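Undergrad: Sharing upload37.cif here; it has mmCIF, C-alpha atoms.
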data_run
#
loop_
_atom_site.label_atom_id
_atom_site.label_comp_id
_atom_site.auth_asym_id
_atom_site.auth_seq_id
_atom_site.Cartn_x
_atom_site.Cartn_y
_atom_site.Cartn_z
CA MET E 1 180.18 277.34 -8.73
CA THR E 2 181.74 277.66 -5.27
CA VAL E 3 181.97 274.72 -2.89
CA SER E 4 179.56 276.34 -0.43
CA HIS E 5 177.04 277.01 -3.23
CA ALA E 6 177.37 273.39 -4.38
CA ILE E 7 176.76 272.14 -0.82
CA VAL E 8 173.63 274.30 -0.52
CA GLU E 9 172.26 273.13 -3.89
CA LEU E 10 172.93 269.44 -3.12
CA SER E 11 171.29 269.79 0.28
CA LYS E 12 168.28 271.46 -1.37
CA ALA E 13 167.94 268.63 -3.90
CA SER E 14 168.16 266.02 -1.09
CA TRP E 15 165.65 268.04 0.91
CA ARG E 16 163.18 267.96 -2.02
CA VAL E 17 163.32 264.16 -2.00
CA LEU E 18 162.92 264.03 1.78
CA ARG E 19 159.95 266.42 1.69
CA ARG E 20 158.28 264.21 -0.88
CA TYR E 21 159.01 261.02 1.10
CA PRO E 22 159.29 262.06 4.79
CA ARG E 23 159.01 258.46 5.97
CA LEU E 24 162.73 258.03 5.14
CA VAL E 25 163.39 259.74 8.48
CA TRP E 26 161.99 256.69 10.27
CA PHE E 27 165.16 254.66 9.61
CA PRO E 28 167.63 256.88 11.52
CA LEU E 29 165.03 257.25 14.29
CA LEU E 30 164.66 253.47 14.55
CA SER E 31 168.44 253.13 14.46
CA MET E 32 168.91 255.49 17.40
CA ALA E 33 166.10 253.83 19.37
CA THR E 34 167.58 250.35 18.76
CA ILE E 35 171.10 251.43 19.72
CA LEU E 36 169.79 253.00 22.93
CA THR E 37 167.80 249.87 23.78
CA ILE E 38 170.77 247.57 23.10
CA ALA E 39 173.06 249.75 25.25
CA LEU E 40 170.54 249.67 28.09
CA ILE E 41 170.26 245.86 27.87
CA ILE E 42 173.96 245.08 27.38
CA ALA E 43 175.48 247.57 29.86
CA PRO E 44 174.29 245.90 33.08
CA ILE E 45 175.32 242.44 31.80
CA VAL E 46 178.92 243.26 30.87
CA ALA E 47 179.43 246.27 33.14
CA PRO E 48 182.77 246.40 35.05
CA THR E 49 182.70 245.25 38.65
CA HIS E 50 185.36 247.80 39.67
CA ASP E 51 186.29 251.33 38.61
CA GLU E 52 188.51 250.43 35.63
CA PRO E 53 186.99 250.92 32.17
CA SER E 54 185.69 247.66 30.71
CA TRP E 55 187.22 246.93 27.29
CA LEU E 56 184.75 244.10 26.87
CA LEU E 57 181.83 246.47 27.47
CA MET E 58 183.27 249.00 25.02
CA PHE E 59 183.90 246.34 22.38
CA VAL E 60 180.47 244.73 22.72
CA ILE E 61 178.60 248.07 22.63
CA LEU E 62 180.71 249.35 19.73
CA SER E 63 180.13 246.15 17.71
CA ALA E 64 176.39 246.24 18.39
CA THR E 65 176.28 249.93 17.47
CA TYR E 66 178.11 249.37 14.18
CA LEU E 67 175.89 246.44 13.28
CA THR E 68 172.67 248.30 14.10
CA HIS E 69 173.81 251.48 12.36
CA THR E 70 174.77 249.56 9.20
CA PHE E 71 171.51 247.58 9.25
CA TYR E 72 169.33 250.69 9.29
CA ASN E 73 171.63 252.48 6.86
CA VAL E 74 171.14 249.63 4.37
CA ALA E 75 167.37 249.84 4.93
CA LEU E 76 167.41 253.62 4.46
CA THR E 77 169.62 253.49 1.36
CA SER E 78 167.44 250.84 -0.30
CA GLN E 79 164.44 253.15 0.11
CA ALA E 80 166.40 256.28 -0.88
CA LEU E 81 167.34 254.54 -4.15
CA LYS E 82 163.69 253.62 -4.59
CA ALA E 83 162.63 257.22 -3.95
CA LEU E 84 165.11 258.44 -6.58
CA ARG E 85 163.44 256.06 -9.05
CA GLY E 86 160.14 257.79 -8.32
CA ASP E 87 158.67 254.86 -6.36
CA ALA E 88 157.23 255.38 -2.89
CA PRO E 89 159.53 254.04 -0.16
CA SER E 90 158.22 252.01 2.76
CA VAL E 91 159.67 251.15 6.16
CA THR E 92 158.70 247.47 5.84
CA SER E 93 160.32 247.17 2.43
CA GLY E 94 163.53 248.79 3.74
CA LEU E 95 163.72 246.47 6.74
CA THR E 96 163.07 243.43 4.51
CA CYS E 97 165.91 244.49 2.21
CA ALA E 98 168.29 244.90 5.16
CA THR E 99 167.26 241.54 6.64
CA GLU E 100 168.01 239.83 3.31
CA ARG E 101 171.50 241.30 3.40
CA LEU E 102 172.32 240.42 7.01
CA PRO E 103 175.47 238.35 6.25
CA ALA E 104 176.90 241.20 4.14
CA ILE E 105 175.94 243.74 6.83
CA ALA E 106 177.65 241.63 9.52
CA SER E 107 180.92 241.32 7.59
CA PHE E 108 180.83 245.00 6.60
CA ALA E 109 180.22 246.07 10.21
CA ALA E 110 183.01 243.76 11.42
CA ILE E 111 185.53 245.24 8.97
CA THR E 112 184.58 248.91 9.36
CA GLY E 113 184.08 248.51 13.11
CA THR E 114 187.52 246.96 13.63
CA PHE E 115 189.19 249.54 11.42
CA GLY E 116 187.34 252.38 13.16
CA PHE E 117 188.29 251.00 16.58
CA LEU E 118 191.97 250.75 15.56
CA LEU E 119 191.94 254.29 14.18
CA ALA E 120 190.36 255.58 17.39
CA MET E 121 193.08 253.82 19.41
CA ILE E 122 195.82 255.34 17.22
CA GLY E 123 194.13 258.74 17.56
CA ARG E 124 194.65 258.63 21.33
CA SER E 125 198.38 259.06 20.80
CA ARG E 126 199.84 262.40 21.92
CA ALA E 127 202.36 262.62 19.05
CA THR E 128 201.26 265.23 16.49
CA ALA E 129 202.65 263.26 13.53
CA ILE E 130 200.62 260.19 14.49
CA LYS E 131 197.51 262.32 14.99
CA ILE E 132 197.92 263.86 11.50
CA ALA E 133 198.55 260.44 9.94
CA GLN E 134 195.46 259.09 11.71
CA ALA E 135 193.33 261.98 10.39
CA LEU E 136 194.61 261.42 6.83
CA VAL E 137 194.03 257.66 6.91
CA SER E 138 190.61 258.19 8.47
CA THR E 139 189.58 260.65 5.72
CA ALA E 140 190.91 258.41 2.94
CA TRP E 141 189.06 255.45 4.46
CA SER E 142 185.74 257.29 4.71
CA LEU E 143 186.06 258.50 1.10
CA ALA E 144 187.00 255.08 -0.28
CA THR E 145 184.12 253.40 1.58
CA TYR E 146 181.59 256.15 0.90
CA LEU E 147 179.55 254.20 -1.66
CA ALA E 148 179.83 250.75 -0.03
CA ILE E 149 176.27 250.75 1.35
CA PRO E 150 174.52 251.63 -1.95
CA VAL E 151 176.73 249.02 -3.64
CA MET E 152 175.66 246.40 -1.10
CA VAL E 153 172.01 247.29 -1.65
CA GLN E 154 171.92 247.61 -5.41
CA GLU E 155 174.56 245.08 -6.52
CA ARG E 156 173.84 242.57 -3.74
CA ARG E 157 177.51 242.17 -2.86
CA GLY E 158 179.10 240.95 0.36
CA GLY E 159 180.79 243.23 2.90
CA LEU E 160 184.35 243.03 1.58
CA THR E 161 183.43 243.16 -2.12
CA SER E 162 181.18 246.17 -1.47
CA LEU E 163 184.16 247.97 0.05
CA ARG E 164 186.35 247.07 -2.95
CA ARG E 165 183.75 248.18 -5.47
CA SER E 166 183.21 251.42 -3.51
CA SER E 167 186.88 252.33 -3.88
CA ASP E 168 186.66 251.56 -7.64
CA LEU E 169 183.68 253.90 -7.98
CA PHE E 170 185.47 256.52 -5.89
CA ARG E 171 188.22 256.69 -8.53
CA ARG E 172 185.57 257.73 -11.07
CA THR E 173 183.79 260.24 -8.87
CA TRP E 174 186.42 261.44 -6.44
CA GLY E 175 185.39 265.08 -6.93
CA GLU E 176 181.73 264.54 -6.17
CA THR E 177 182.45 262.11 -3.31
CA THR E 178 184.91 264.51 -1.67
CA LEU E 179 182.44 267.37 -2.12
CA SER E 180 179.77 265.27 -0.48
CA GLU E 181 181.95 264.23 2.47
CA VAL E 182 183.19 267.77 3.04
CA GLY E 183 179.71 269.15 2.42
CA MET E 184 178.08 266.93 4.98
CA ARG E 185 180.75 267.72 7.57
CA VAL E 186 180.36 271.47 6.97
CA LEU E 187 176.57 271.16 7.12
CA THR E 188 176.78 269.12 10.34
CA VAL E 189 179.14 271.63 11.99
CA HIS E 190 176.88 274.56 11.07
CA LEU E 191 173.75 272.78 12.20
CA THR E 192 175.45 271.74 15.47
CA TRP E 193 176.19 275.38 16.25
CA ILE E 194 172.63 276.44 15.42
CA LEU E 195 171.26 273.50 17.39
CA ALA E 196 173.44 274.33 20.42
CA LEU E 197 172.08 277.88 20.37
CA VAL E 198 168.47 276.67 20.01
CA VAL E 199 168.95 274.12 22.83
CA TYR E 200 170.37 276.85 25.09
CA LEU E 201 167.38 279.09 24.32
CA ILE E 202 164.86 276.28 24.87
CA ILE E 203 166.32 275.35 28.27
CA ASP E 204 166.45 279.02 29.22
CA LEU E 205 162.82 279.58 28.16
CA PHE E 206 161.13 276.39 29.37
CA GLY E 207 163.22 275.55 32.41
CA ASP E 208 165.42 272.55 33.16
CA SER E 209 163.15 269.48 33.00
CA PHE E 210 160.78 270.33 30.12
CA GLY E 211 163.50 272.25 28.28
CA VAL E 212 165.89 269.27 28.37
CA VAL E 213 163.21 266.92 27.02
CA LEU E 214 162.33 269.37 24.24
CA ALA E 215 165.98 269.95 23.38
CA PHE E 216 166.63 266.18 23.34
CA ALA E 217 163.73 265.67 20.93
CA LEU E 218 165.04 268.46 18.73
CA VAL E 219 168.55 267.01 18.61
CA ILE E 220 167.19 263.54 17.73
CA ALA E 221 165.04 265.02 14.97
CA ALA E 222 167.96 267.02 13.55
CA VAL E 223 170.27 263.98 13.55
CA ALA E 224 167.57 261.91 11.81
CA VAL E 225 167.01 264.55 9.12
CA ILE E 226 170.75 264.97 8.44
CA SER E 227 171.22 261.17 8.22
CA ALA E 228 168.33 260.88 5.76
CA LEU E 229 169.62 263.77 3.64
CA GLU E 230 173.08 262.22 3.49
CA ALA E 231 171.69 258.81 2.48
CA ILE E 232 169.69 260.45 -0.31
CA TYR E 233 172.71 262.28 -1.70
CA ARG E 234 174.92 259.19 -1.32
CA SER E 235 172.37 257.18 -3.30
CA ALA E 236 172.24 259.83 -6.03
CA LEU E 237 176.02 259.78 -6.22
CA TYR E 238 175.98 256.00 -6.55
CA VAL E 239 173.48 256.17 -9.43
CA PHE E 240 175.77 258.67 -11.14
CA ALA E 241 178.87 256.54 -10.60
CA ALA E 242 177.43 253.12 -11.47
CA GLU E 243 174.62 253.82 -13.91
CA GLY E 244 176.19 256.84 -15.62
CA VAL E 245 173.26 259.23 -15.23
CA ILE E 246 172.13 261.89 -12.78
CA PRO E 247 168.85 261.02 -11.07
CA GLU E 248 166.06 263.55 -10.46
CA PRO E 249 165.99 266.04 -8.75
CA PHE E 250 169.78 266.25 -8.84
CA ASP E 251 169.76 266.91 -12.58
CA GLY E 252 168.56 270.51 -12.43
CA PRO E 253 170.47 273.24 -14.33
CA GLU E 254 171.79 274.73 -11.08
CA LEU E 255 173.54 271.43 -10.32
CA GLN E 256 175.03 270.66 -13.75
CA ASP E 257 178.46 272.07 -12.83
CA ILE E 258 178.82 269.64 -9.93
CA TRP E 259 178.60 266.49 -12.02
CA LYS E 260 181.75 266.99 -14.01
CA THR E 261 183.38 263.60 -13.73
CA LYS E 262 182.27 261.34 -16.51
CA ALA E 263 181.25 257.88 -15.38
CA GLU E 264 182.28 256.39 -18.73
CA MET O 265 160.44 237.84 -26.50
CA PRO O 266 161.79 239.99 -23.64
CA LEU O 267 164.97 241.94 -24.34
CA PRO O 268 167.88 239.68 -23.25
CA LEU O 269 169.63 241.88 -20.70
CA ASP O 270 171.47 241.27 -17.45
CA ILE O 271 173.47 244.00 -15.79
CA ASP O 272 177.03 243.05 -14.96
CA TYR O 273 178.38 245.59 -12.48
CA ASP O 274 181.83 243.98 -12.66
CA ARG O 275 182.28 245.08 -16.27
CA GLY O 276 183.05 248.61 -15.13
CA LEU O 277 180.76 249.89 -17.89
CA PRO O 278 177.99 252.34 -16.89
CA VAL O 279 174.58 250.68 -16.82
CA TYR O 280 173.12 252.93 -19.53
CA ARG O 281 175.93 251.79 -21.86
CA GLN O 282 175.23 248.12 -21.06
CA ILE O 283 171.59 248.66 -22.07
CA TYR O 284 172.77 250.34 -25.27
CA GLU O 285 175.03 247.39 -26.10
CA ALA O 286 172.36 244.81 -25.26
CA VAL O 287 169.90 246.44 -27.65
CA THR O 288 172.43 246.79 -30.51
CA ARG O 289 173.48 243.14 -30.09
CA ALA O 290 169.87 241.94 -29.96
CA LEU O 291 169.23 243.87 -33.18
CA ALA O 292 172.30 242.52 -34.96
CA SER O 293 171.56 238.92 -34.00
CA GLY O 294 167.88 239.21 -34.86
CA ALA O 295 166.86 238.44 -31.28
CA LEU O 296 164.93 241.69 -31.45
CA GLY O 297 162.65 241.61 -34.48
CA ARG O 298 161.58 244.48 -36.69
CA ASP O 299 158.05 244.73 -35.27
CA GLU O 300 158.97 243.92 -31.71
CA GLN O 301 158.26 246.77 -29.33
CA LEU O 302 160.98 247.60 -26.84
CA PRO O 303 159.96 247.71 -23.17
CA THR O 304 158.93 251.14 -21.98
CA ILE O 305 161.40 253.15 -19.91
CA HIS O 306 159.39 252.51 -16.78
CA GLU O 307 159.02 248.75 -17.46
CA LEU O 308 162.73 248.23 -18.07
CA ALA O 309 163.72 250.39 -15.07
CA GLN O 310 161.37 248.34 -12.87
CA ARG O 311 162.65 245.02 -14.25
CA LEU O 312 166.31 245.91 -13.76
CA GLU O 313 165.70 247.87 -10.52
CA ILE O 314 167.52 250.89 -11.86
CA ASN O 315 166.80 254.58 -12.25
CA PRO O 316 164.42 255.48 -15.13
CA ASN O 317 166.87 258.20 -16.22
CA THR O 318 169.39 255.43 -16.99
CA VAL O 319 167.04 253.68 -19.42
CA ALA O 320 165.98 257.04 -20.88
CA ARG O 321 169.62 257.93 -21.54
CA ALA O 322 170.28 254.58 -23.27
CA TYR O 323 167.14 254.94 -25.44
CA ARG O 324 168.04 258.54 -26.29
CA ASP O 325 171.52 257.49 -27.44
CA LEU O 326 170.11 254.54 -29.39
CA GLU O 327 167.64 256.82 -31.15
CA GLN O 328 170.31 259.39 -31.92
CA ASP O 329 172.51 256.66 -33.43
CA GLY O 330 169.61 255.38 -35.55
CA TYR O 331 169.06 252.00 -33.85
CA ILE O 332 165.54 252.63 -32.61
CA THR O 333 162.68 254.98 -33.32
CA ALA O 334 160.09 256.25 -30.87
CA HIS O 335 156.54 256.49 -32.21
CA ARG O 336 154.32 258.83 -30.24
CA GLY O 337 151.57 256.87 -28.52
CA ARG O 338 152.72 253.50 -29.97
CA GLY O 339 156.03 252.93 -28.24
CA THR O 340 159.66 252.38 -29.23
CA PHE O 341 160.61 250.03 -32.08
CA PRO O 342 163.84 248.92 -33.79
CA ALA O 343 164.81 250.92 -36.85
CA ALA O 344 164.06 248.56 -39.79
CA GLU O 345 167.49 248.93 -41.44
CA ARG O 346 169.32 247.97 -38.22
CA VAL O 347 167.60 244.58 -37.72
CA ASN O 348 169.99 241.79 -38.74
CA SER O 349 172.29 244.45 -40.20
CA ALA O 350 175.51 243.07 -41.72
CA GLY O 351 177.35 246.26 -40.77
CA ASP O 352 176.38 245.93 -37.13
CA LYS O 353 177.39 242.25 -37.13
CA GLN O 354 180.79 243.27 -38.47
CA GLU O 355 181.07 245.81 -35.67
CA ILE O 356 180.30 243.16 -33.04
CA LEU O 357 182.78 240.75 -34.66
CA ARG O 358 185.45 243.45 -34.52
CA GLU O 359 184.76 243.97 -30.81
CA ILE O 360 185.00 240.21 -30.14
CA TYR O 361 188.20 239.99 -32.21
CA ASP O 362 189.83 242.95 -30.42
CA LYS O 363 188.88 241.57 -27.02
CA THR O 364 190.21 238.08 -27.86
CA ILE O 365 193.48 239.38 -29.31
CA THR O 366 194.07 241.66 -26.33
CA GLU O 367 193.42 238.85 -23.87
CA ALA O 368 195.62 236.43 -25.84
CA ALA O 369 198.46 239.00 -25.91
CA GLN O 370 198.27 239.22 -22.12
CA HIS O 371 199.07 235.49 -22.07
CA GLY O 372 201.90 235.87 -24.59
CA ILE O 373 199.86 234.44 -27.50
CA SER O 374 200.15 236.21 -30.87
CA ALA O 375 197.22 237.15 -33.16
CA ASP O 376 198.48 234.63 -35.78
CA GLU O 377 198.43 231.84 -33.22
CA VAL O 378 194.85 232.72 -32.29
CA VAL O 379 193.72 232.71 -35.94
CA ARG O 380 195.56 229.40 -36.62
CA TYR O 381 193.91 227.85 -33.55
CA PHE O 382 190.42 229.02 -34.63
CA ARG O 383 190.96 227.48 -38.08
CA LYS O 384 192.21 224.25 -36.55
CA VAL O 385 189.25 224.00 -34.17
CA ARG O 386 186.80 224.66 -37.00
CA THR O 387 188.16 221.95 -39.33
#
Please lay out the structure from this file as structure tokens.
TA:
Amino acid sequence: MTVSHAIVELSKASWRVLRRYPRLVWFPLLSMATILTIALIIAPIVAPTHDEPSWLLMFVILSATYLTHTFYNVALTSQALKALRGDAPSVTSGLTCATERLPAIASFAAITGTFGFLLAMIGRSRATAIKIAQALVSTAWSLATYLAIPVMVQERRGGLTSLRRSSDLFRRTWGETTLSEVGMRVLTVHLTWILALVVYLIIDLFGDSFGVVLAFALVIAAVAVISALEAIYRSALYVFAAEGVIPEPFDGPELQDIWKTKAE
Amino acid sequence: MPLPLDIDYDRGLPVYRQIYEAVTRALASGALGRDEQLPTIHELAQRLEINPNTVARAYRDLEQDGYITAHRGRGTFPAAERVNSAGDKQEILREIYDKTITEAAQHGISADEVVRYFRKVRT
């Protein structure tokens, strides 16, 4: 099985879950709405008084974004795991689960946020060697932390211990995790191109004002669907790594070749 | 009596294997009696908040290894010959022994010292 075929099959399996439980899309939508609201509230309060960029504003908005994103990601993952068990997910249940894990979410967001901020700062360097090193560290970090959210949800661990456990699980499923990370990036790039083309056509067809609104709605919907699909696959990968089995509908014959790493 | 089972994610053992072990131990110790029905796949998955495929895999392995038998329409029960089985108890003892000796060796304690200590504690 080629990598591209594997990506298509995994996306199809995630899509089947999402079609059965479309309410999973509510979590990324709520996340985006909350982040936008927070930015609109915070910006005027900590906005710079002169033309220089405000580091305080950047830091506050970034921290709030990380916290909000993690909160809704935990809520989404809890319901994606539930959906993979065959139980109907609910928005209220997801939000309750995330609220119960607020201390873990806060510490996780603080660690990943700080690390992400540092990496972004390093990435601003003009030296090629530093840029390459930053890209490598960034990829290794995202792979090692890939399963931290499902761990936090299912095993009820704190922020730091979820990150540690995620890297342990990564050692067992590095092939599948890498495939997932690469797969999602490839899928996102392809969809971005398609989306850009569709947005261009919409604006061209419907004019500036209505076209922009329509295109904005389309982009939001696409981002929400991709986020939900990724959370579903991430949850399936966690079940495989921690429980040792492949959940439905990821256990079809067309996907057997992907799950090669034994969790034992 | 409900099946005594808590999942320990720190053990590094897949969950389906932990269920397998819990059932074999409950059988060997007699905690799970001959006529005691095992929880259904759905019940156990709900109780442990895990995927039903995980419980199904554990039950499938247990059935293949002769620990349990599934009766159509009646449920899953322990295989009569495995309840309180001396052979299974020996197997568990061997596991405990191996684990203890390995851990003792990590602290520079020999197997003889462990055995001598056990005898001393017992008398």
Undergrad: Could you name the residues that touch stretch 110-121 of chain E at 10 Å or less, counting only C-alpha atoms, but leaving out those on the same chain fewer than 5 positions away, as a list of chain:residue names?
TA: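 Everything that qualifies: E:Phe59, E:Leu62, E:Ser63, E:Ala64, E:Thr65, E:Tyr66, E:Leu67, E:Thr70, E:Ala104, E:Ile105, E:Lys131, E:Ala133, E:Gln134, E:Ala135, E:Val137, E:Ser138, E:Trp141, E:Ser142, E:Thr145, E:Gly159, E:Leu160, E:Leu163.
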Undergrad: Compile the residues of chain O that lie within 6 Å of chain E, evaluated using all atoms listed in the file, and express the compilation as JSON, numbers by chain.
TA: {"O": [278, 279, 280, 315, 318]}
Undergrad: At a cut-off of 12 Å, using all atoms listed in the file, what residues contact stretch 1-9 of chain E? Leave out same-chain residues fewer than 3 positions from it and give the result as an MDAnalysis selection string.
TA: chainID E and resid 12:16 175:188 190 229:230 233 249:260
Undergrad: Work out how far atom CA of E:Val74 is from atom CA of E:Thr139, in Å to one decimal.
TA: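 So the two atoms, atom CA of E:Thr139 and atom CA of E:Val74, lie 21.5 Å apart.
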Undergrad: Please, what distance in Å, to one decimal, runs between atom CA of E:Arg23 and atom CA of E:Pro103?
TA: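 Separation between atom CA of E:Arg23 and atom CA of E:Pro103: 26.0 Å.
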Undergrad: Need the shell around O:Leu326: protein/DNA/RNA residues with any atom at most 10 Å away, counting only C-alpha atoms. Skip same-chain ones fewer than 6 positions apart. Format as a list in words?
TA: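 Once the adjacent positions are removed, what remains is Arg281, Ile283, Tyr284, Glu285, Val287, Thr288, Ala320, Ile332, Thr333, Pro342 and Ala343 of chain O.
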Undergrad: Here's the selection I'm unsure about, the PyMOL selection byres ((chain E and resi 218) around 12); applied to the file above, which residues does it give, as a PDB file with C-alpha atoms, in the coordinates of the input?
TA:
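That gives us result.pdb:
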ATOM      1  CA  LEU E 191     173.750 272.780  12.200  1.00  0.00           C
ATOM      2  CA  THR E 192     175.450 271.740  15.470  1.00  0.00           C
ATOM      3  CA  ILE E 194     172.630 276.440  15.420  1.00  0.00           C
ATOM      4  CA  LEU E 195     171.260 273.500  17.390  1.00  0.00           C
ATOM      5  CA  ALA E 196     173.440 274.330  20.420  1.00  0.00           C
ATOM      6  CA  LEU E 197     172.080 277.880  20.370  1.00  0.00           C
ATOM      7  CA  VAL E 198     168.470 276.670  20.010  1.00  0.00           C
ATOM      8  CA  VAL E 199     168.950 274.120  22.830  1.00  0.00           C
ATOM      9  CA  TYR E 200     170.370 276.850  25.090  1.00  0.00           C
ATOM     10  CA  ILE E 202     164.860 276.280  24.870  1.00  0.00           C
ATOM     11  CA  ILE E 203     166.320 275.350  28.270  1.00  0.00           C
ATOM     12  CA  GLY E 211     163.500 272.250  28.280  1.00  0.00           C
ATOM     13  CA  VAL E 212     165.890 269.270  28.370  1.00  0.00           C
ATOM     14  CA  VAL E 213     163.210 266.920  27.020  1.00  0.00           C
ATOM     15  CA  LEU E 214     162.330 269.370  24.240  1.00  0.00           C
ATOM     16  CA  ALA E 215     165.980 269.950  23.380  1.00  0.00           C
ATOM     17  CA  PHE E 216     166.630 266.180  23.340  1.00  0.00           C
ATOM     18  CA  ALA E 217     163.730 265.670  20.930  1.00  0.00           C
ATOM     19  CA  VAL E 219     168.550 267.010  18.610  1.00  0.00           C
ATOM     20  CA  ILE E 220     167.190 263.540  17.730  1.00  0.00           C
ATOM     21  CA  ALA E 221     165.040 265.020  14.970  1.00  0.00           C
ATOM     22  CA  ALA E 222     167.960 267.020  13.550  1.00  0.00           C
ATOM     23  CA  VAL E 223     170.270 263.980  13.550  1.00  0.00           C
ATOM     24  CA  ALA E 224     167.570 261.910  11.810  1.00  0.00           C
ATOM     25  CA  VAL E 225     167.010 264.550   9.120  1.00  0.00           C
TER      26      VAL E 225
END
Undergrad: Which of these residues is nearest to E:Ser167, using all atoms listed in the file: E:Ala228, E:Val189, E:Tyr238, E:Pro44?
TA: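 Distance minimum relative to E:Ser167 lands on E:Tyr238.
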Undergrad: If you count only C-alpha atoms, which residues fall within 6 Å of stretch 300-308 of chain O, apart from same-chain ones fewer than 4 positions away, as a list of chain:residue names?
TA: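 Once the adjacent positions are removed, what remains is O:Val319, O:Thr340, O:Phe341.
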